[in-house]
Amino acid sequence: MSDLRYGWTTGACATAATKAAHAALLTGEFPDPVRITLPKGQEPAFALAVEELGDGFATAGIVKDAGDDPDVTHGALVRSTVRPGPPGGGVVFRAGPGVGTVTRPGLPLEVGEPAINPVPRRMMREVLGGADVIVEISVDGGEELARRTWNPRLGILGGLSILGTTGVVVPYSCSAWIDSIRRGVDVARAMGREHVAGATGSTSEKVAADLYGLPEDALLDMGDFAGAVLKYLRRHPVPRLTIAGGVGKLAKLAAGHLDLHSKRSQVDFGVLASMVADPGTAERVRGANTALDALQICMRAGVPLGDLVAARARETALATLRGAPVAVDVVVIDRAGTIVGRAGP
């Protein structure tokens, strides 16, 4: 991955656009390219894609370049419109078209605020140098793009969030996904949820939600990042956690892996075989092609491999939680969404 090209966050793009628009508001000229300083000292320059100077406002737009990361907002046009504000009012942020608004507690912004995160706000205030202005950030097509993010589940409605703690997008770092998991826990806690579920996919998520009647804000988009869920709950506990997933993913958790992605962990058939008491069945499991194949071998032999995987996966989860006050149960499903194993309260 070392040869992959880094990119810039929506927060960095919004900051650069804000700096350019404010300069045009003051001087009548847009700096192009416009250079900003990021929190870790990098000084990227951004070319302007939009320049508009009107009566009492200036708008600058920058096309987001996410580098080689498969970012949903790559290529999005981030605009900043700057207007004079009331004297002594400081910087007032507004959500323009395509930028969401916070509607639930638990996020690092108050309910009703535009979804412009704290670090981008700080970066914009810095480039504005204490000016009294109104800054409206918008993203072309942002409302549609937001449907492909976790924003609706987090209660951020109407568009995207303006994100970025460093200003830099590291290719395949998965930091945005992990951050969304953490915000999901924060929202669930703020909503008073005492039971959350982390699922490896949409089928297992539906099974867990239906099984326990869980509302949407109690469902964490865990994906492959079981470790991210468990480590965050270790510091910010919720009374009960359900982990749900297919037998292949949860066989990896059972073997002690916290990252369940196929490129970063594999099903260990030796571990699966060690769970099976019958020597003949264990040997067949050791030679299985897939975890589902191993499950079917055991089902024919009357061995509850799904329950055994669930129990071992629960042990990994509890060990990772290190005594945090979180009760854990595990639900294992097959490809059809049928529950084939369970463990825990």
# chains A, B, ... in the order shown; residues from 1 in each chain; ligands from 1
call {"tool": "select_by_dssp", "arguments": {"residues": "range 120-270 of chain A", "states": "helix (DSSP H, G or I)", "output": "PyMOL selection string"}}
result
chain A and resi 120-128+142-146+151-154+175-190+202-212+216-218+226-235+247-254+269-270
call {"tool": "residues_around", "arguments": {"residues": "Val326 in chain A", "least_positions_apart": "5", "cutoff": "7 Å", "atoms": "only C-alpha atoms", "output": "list of chain:residue names"}}
result
A:Pro237, A:Val238, A:Pro239, A:Arg240, A:Leu241
call {"tool": "atom_distance", "arguments": {"atom1": "CA of Ala58 in chain A", "atom2": "CA of Gly88 in chain A"}}
result
20.4 Å
call {"tool": "select_by_dssp", "arguments": {"residues": "range 30-219 of chain A", "states": "strand (DSSP E)", "output": "PyMOL selection string"}}
result
chain A and resi 34-35+45-46+50-54+57-63+77-84+91-95+98-99+101-102+133-139+156-157+159-160+168-169+195-199+219
call {"tool": "closest_residue", "arguments": {"among": "A:Asp278, A:Asp221, A:Asp293, A:Glu136", "to": "Val185 in chain A", "atoms": "only C-alpha atoms"}}
result
A:Asp221
call {"tool": "residues_around", "arguments": {"residues": "Phe46 in chain A", "least_positions_apart": "4", "cutoff": "9 Å", "atoms": "only C-alpha atoms", "output": "list in words"}}
result
Cys13, Ala16, Ala17, Asp32, Pro33, Val34, Arg35, Ile36, Ile62 and Val63 of chain A
call {"tool": "residues_around", "arguments": {"residues": "Gly323 in chain A", "least_positions_apart": "5", "cutoff": "12 Å", "atoms": "only C-alpha atoms", "output": "PyMOL selection string"}}
result
chain A and resi 230-231+233-235+237+315+317-318+328
call {"tool": "write_last_selection", "arguments": {"atoms": "all heavy atoms", "output": "PDB file, in the first residue's frame"}}
result
ATOM      1  N   LEU A 230     -15.321  -3.791  20.010  1.00  0.00           N
ATOM      2  CA  LEU A 230     -15.014  -4.277  21.355  1.00  0.00           C
ATOM      3  C   LEU A 230     -14.108  -3.313  22.118  1.00  0.00           C
ATOM      4  O   LEU A 230     -14.319  -3.059  23.309  1.00  0.00           O
ATOM      5  CB  LEU A 230     -14.364  -5.660  21.256  1.00  0.00           C
ATOM      6  CG  LEU A 230     -15.305  -6.758  20.732  1.00  0.00           C
ATOM      7  CD1 LEU A 230     -14.506  -7.985  20.304  1.00  0.00           C
ATOM      8  CD2 LEU A 230     -16.340  -7.136  21.791  1.00  0.00           C
ATOM      9  N   LYS A 231     -13.114  -2.765  21.444  1.00  0.00           N
ATOM     10  CA  LYS A 231     -12.193  -1.851  22.132  1.00  0.00           C
ATOM     11  C   LYS A 231     -12.881  -0.556  22.527  1.00  0.00           C
ATOM     12  O   LYS A 231     -12.592   0.021  23.588  1.00  0.00           O
ATOM     13  CB  LYS A 231     -10.981  -1.578  21.242  1.00  0.00           C
ATOM     14  CG  LYS A 231     -10.085  -2.798  21.055  1.00  0.00           C
ATOM     15  CD  LYS A 231      -9.007  -2.538  20.021  1.00  0.00           C
ATOM     16  CE  LYS A 231      -8.222  -3.799  19.719  1.00  0.00           C
ATOM     17  NZ  LYS A 231      -7.225  -3.600  18.634  1.00  0.00           N
ATOM     18  N   LEU A 233     -16.182  -0.249  23.132  1.00  0.00           N
ATOM     19  CA  LEU A 233     -17.094  -0.588  24.225  1.00  0.00           C
ATOM     20  C   LEU A 233     -16.342  -0.853  25.526  1.00  0.00           C
ATOM     21  O   LEU A 233     -16.894  -0.670  26.614  1.00  0.00           O
ATOM     22  CB  LEU A 233     -17.931  -1.808  23.851  1.00  0.00           C
ATOM     23  CG  LEU A 233     -19.058  -1.562  22.839  1.00  0.00           C
ATOM     24  CD1 LEU A 233     -19.717  -2.875  22.446  1.00  0.00           C
ATOM     25  CD2 LEU A 233     -20.096  -0.598  23.394  1.00  0.00           C
ATOM     26  N   ARG A 234     -15.091  -1.268  25.427  1.00  0.00           N
ATOM     27  CA  ARG A 234     -14.271  -1.448  26.629  1.00  0.00           C
ATOM     28  C   ARG A 234     -14.127  -0.123  27.377  1.00  0.00           C
ATOM     29  O   ARG A 234     -14.146  -0.073  28.604  1.00  0.00           O
ATOM     30  CB  ARG A 234     -12.895  -1.982  26.223  1.00  0.00           C
ATOM     31  CG  ARG A 234     -12.007  -2.377  27.389  1.00  0.00           C
ATOM     32  CD  ARG A 234     -10.820  -3.160  26.860  1.00  0.00           C
ATOM     33  NE  ARG A 234      -9.860  -2.338  26.126  1.00  0.00           N
ATOM     34  CZ  ARG A 234      -9.033  -2.810  25.181  1.00  0.00           C
ATOM     35  NH1 ARG A 234      -9.076  -4.090  24.839  1.00  0.00           N
ATOM     36  NH2 ARG A 234      -8.190  -2.015  24.574  1.00  0.00           N
ATOM     37  N   ARG A 235     -14.019   0.968  26.632  1.00  0.00           N
ATOM     38  CA  ARG A 235     -13.864   2.302  27.241  1.00  0.00           C
ATOM     39  C   ARG A 235     -15.206   3.000  27.460  1.00  0.00           C
ATOM     40  O   ARG A 235     -15.314   3.876  28.319  1.00  0.00           O
ATOM     41  CB  ARG A 235     -12.966   3.174  26.359  1.00  0.00           C
ATOM     42  CG  ARG A 235     -11.580   2.602  26.140  1.00  0.00           C
ATOM     43  CD  ARG A 235     -10.644   3.605  25.485  1.00  0.00           C
ATOM     44  NE  ARG A 235     -11.139   4.081  24.196  1.00  0.00           N
ATOM     45  CZ  ARG A 235     -10.912   3.454  23.040  1.00  0.00           C
ATOM     46  NH1 ARG A 235     -10.238   2.319  23.022  1.00  0.00           N
ATOM     47  NH2 ARG A 235     -11.374   3.951  21.907  1.00  0.00           N
ATOM     48  N   PRO A 237     -18.748   1.487  27.831  1.00  0.00           N
ATOM     49  CA  PRO A 237     -19.579   0.280  27.841  1.00  0.00           C
ATOM     50  C   PRO A 237     -21.071   0.534  27.670  1.00  0.00           C
ATOM     51  O   PRO A 237     -21.602   1.570  28.057  1.00  0.00           O
ATOM     52  CB  PRO A 237     -19.288  -0.341  29.209  1.00  0.00           C
ATOM     53  CG  PRO A 237     -18.733   0.768  30.037  1.00  0.00           C
ATOM     54  CD  PRO A 237     -18.062   1.725  29.107  1.00  0.00           C
ATOM     55  N   GLU A 315     -15.690 -15.954  23.777  1.00  0.00           N
ATOM     56  CA  GLU A 315     -14.499 -15.913  24.635  1.00  0.00           C
ATOM     57  C   GLU A 315     -13.524 -14.843  24.155  1.00  0.00           C
ATOM     58  O   GLU A 315     -12.957 -14.087  24.961  1.00  0.00           O
ATOM     59  CB  GLU A 315     -13.814 -17.277  24.646  1.00  0.00           C
ATOM     60  CG  GLU A 315     -14.579 -18.358  25.398  1.00  0.00           C
ATOM     61  CD  GLU A 315     -13.917 -19.719  25.284  1.00  0.00           C
ATOM     62  OE1 GLU A 315     -12.774 -19.791  24.768  1.00  0.00           O
ATOM     63  OE2 GLU A 315     -14.525 -20.716  25.698  1.00  0.00           O
ATOM     64  N   ALA A 317     -14.285 -12.178  22.447  1.00  0.00           N
ATOM     65  CA  ALA A 317     -14.899 -10.877  22.718  1.00  0.00           C
ATOM     66  C   ALA A 317     -14.724 -10.480  24.182  1.00  0.00           C
ATOM     67  O   ALA A 317     -14.336  -9.348  24.493  1.00  0.00           O
ATOM     68  CB  ALA A 317     -16.377 -10.915  22.341  1.00  0.00           C
ATOM     69  N   LEU A 318     -14.999 -11.400  25.086  1.00  0.00           N
ATOM     70  CA  LEU A 318     -14.884 -11.098  26.516  1.00  0.00           C
ATOM     71  C   LEU A 318     -13.435 -10.801  26.903  1.00  0.00           C
ATOM     72  O   LEU A 318     -13.166  -9.909  27.725  1.00  0.00           O
ATOM     73  CB  LEU A 318     -15.428 -12.260  27.337  1.00  0.00           C
ATOM     74  CG  LEU A 318     -16.937 -12.479  27.246  1.00  0.00           C
ATOM     75  CD1 LEU A 318     -17.332 -13.771  27.957  1.00  0.00           C
ATOM     76  CD2 LEU A 318     -17.696 -11.292  27.835  1.00  0.00           C
ATOM     77  N   VAL A 328     -22.193 -10.284  26.721  1.00  0.00           N
ATOM     78  CA  VAL A 328     -22.014 -10.579  25.299  1.00  0.00           C
ATOM     79  C   VAL A 328     -22.734 -11.868  24.926  1.00  0.00           C
ATOM     80  O   VAL A 328     -22.628 -12.869  25.635  1.00  0.00           O
ATOM     81  CB  VAL A 328     -20.518 -10.714  24.948  1.00  0.00           C
ATOM     82  CG1 VAL A 328     -20.341 -11.069  23.463  1.00  0.00           C
ATOM     83  CG2 VAL A 328     -19.758  -9.437  25.279  1.00  0.00           C
TER      84      VAL A 328
END
call {"tool": "closest_residue", "arguments": {"among": "A:Trp8, A:Phe269, A:Phe30, A:Trp177", "to": "Lys64 in chain A", "atoms": "only C-alpha atoms"}}
result
A:Trp8
call {"tool": "closest_atom_pairs", "arguments": {"of": "range 58-118 of chain A", "to": "range 158-167 of chain A", "cutoff": "9 Å", "atoms": "only C-alpha atoms", "output": "tab-separated table"}}
result
residue	atom	partner	partner_atom	distance
A:Thr73	CA	A:Leu160	CA	8.9
A:Ala95	CA	A:Gly159	CA	8.9
A:Pro97	CA	A:Gly159	CA	7.4
A:Gly98	CA	A:Gly159	CA	4.4
A:Val99	CA	A:Gly159	CA	4.2
A:Gly100	CA	A:Gly159	CA	3.9
A:Thr101	CA	A:Gly158	CA	6.4
A:Pro114	CA	A:Ser161	CA	8.2
A:Ala115	CA	A:Ser161	CA	4.9
A:Ile116	CA	A:Ile162	CA	4.6
A:Asn117	CA	A:Leu163	CA	5.7
A:Pro118	CA	A:Thr165	CA	8.4
call {"tool": "write_last_selection", "arguments": {"atoms": "C-alpha atoms", "output": "short mmCIF file (atom, residue, chain, number, x, y, z; two decimals), in the first residue's frame"}}
result
data_model
loop_
_atom_site.label_atom_id
_atom_site.label_comp_id
_atom_site.auth_asym_id
_atom_site.auth_seq_id
_atom_site.Cartn_x
_atom_site.Cartn_y
_atom_site.Cartn_z
CA THR A 73 -16.97 11.49 -1.68
CA ALA A 95 -25.33 23.65 6.31
CA PRO A 97 -27.39 21.81 0.17
CA GLY A 98 -25.79 18.40 0.53
CA VAL A 99 -24.49 18.92 4.07
CA GLY A 100 -26.35 17.20 6.89
CA THR A 101 -27.80 18.44 10.16
CA PRO A 114 -24.66 21.55 10.73
CA ALA A 115 -22.62 18.36 10.43
CA ILE A 116 -19.30 20.14 10.17
CA ASN A 117 -17.00 18.38 12.61
CA PRO A 118 -14.91 20.14 15.26
#
call {"tool": "residues_around", "arguments": {"residues": "Gly90 in chain A", "least_positions_apart": "3", "cutoff": "7 Å", "atoms": "only C-alpha atoms", "output": "short mmCIF file (atom, residue, chain, number, x, y, z; two decimals) with C-alpha atoms, in the first residue's frame"}}
result
data_model
loop_
_atom_site.label_atom_id
_atom_site.label_comp_id
_atom_site.auth_asym_id
_atom_site.auth_seq_id
_atom_site.Cartn_x
_atom_site.Cartn_y
_atom_site.Cartn_z
CA GLY A 130 -11.09 36.11 13.65
CA ALA A 131 -13.45 37.58 11.05
CA ASP A 132 -17.16 38.00 11.76
CA VAL A 133 -18.65 35.94 8.94
#
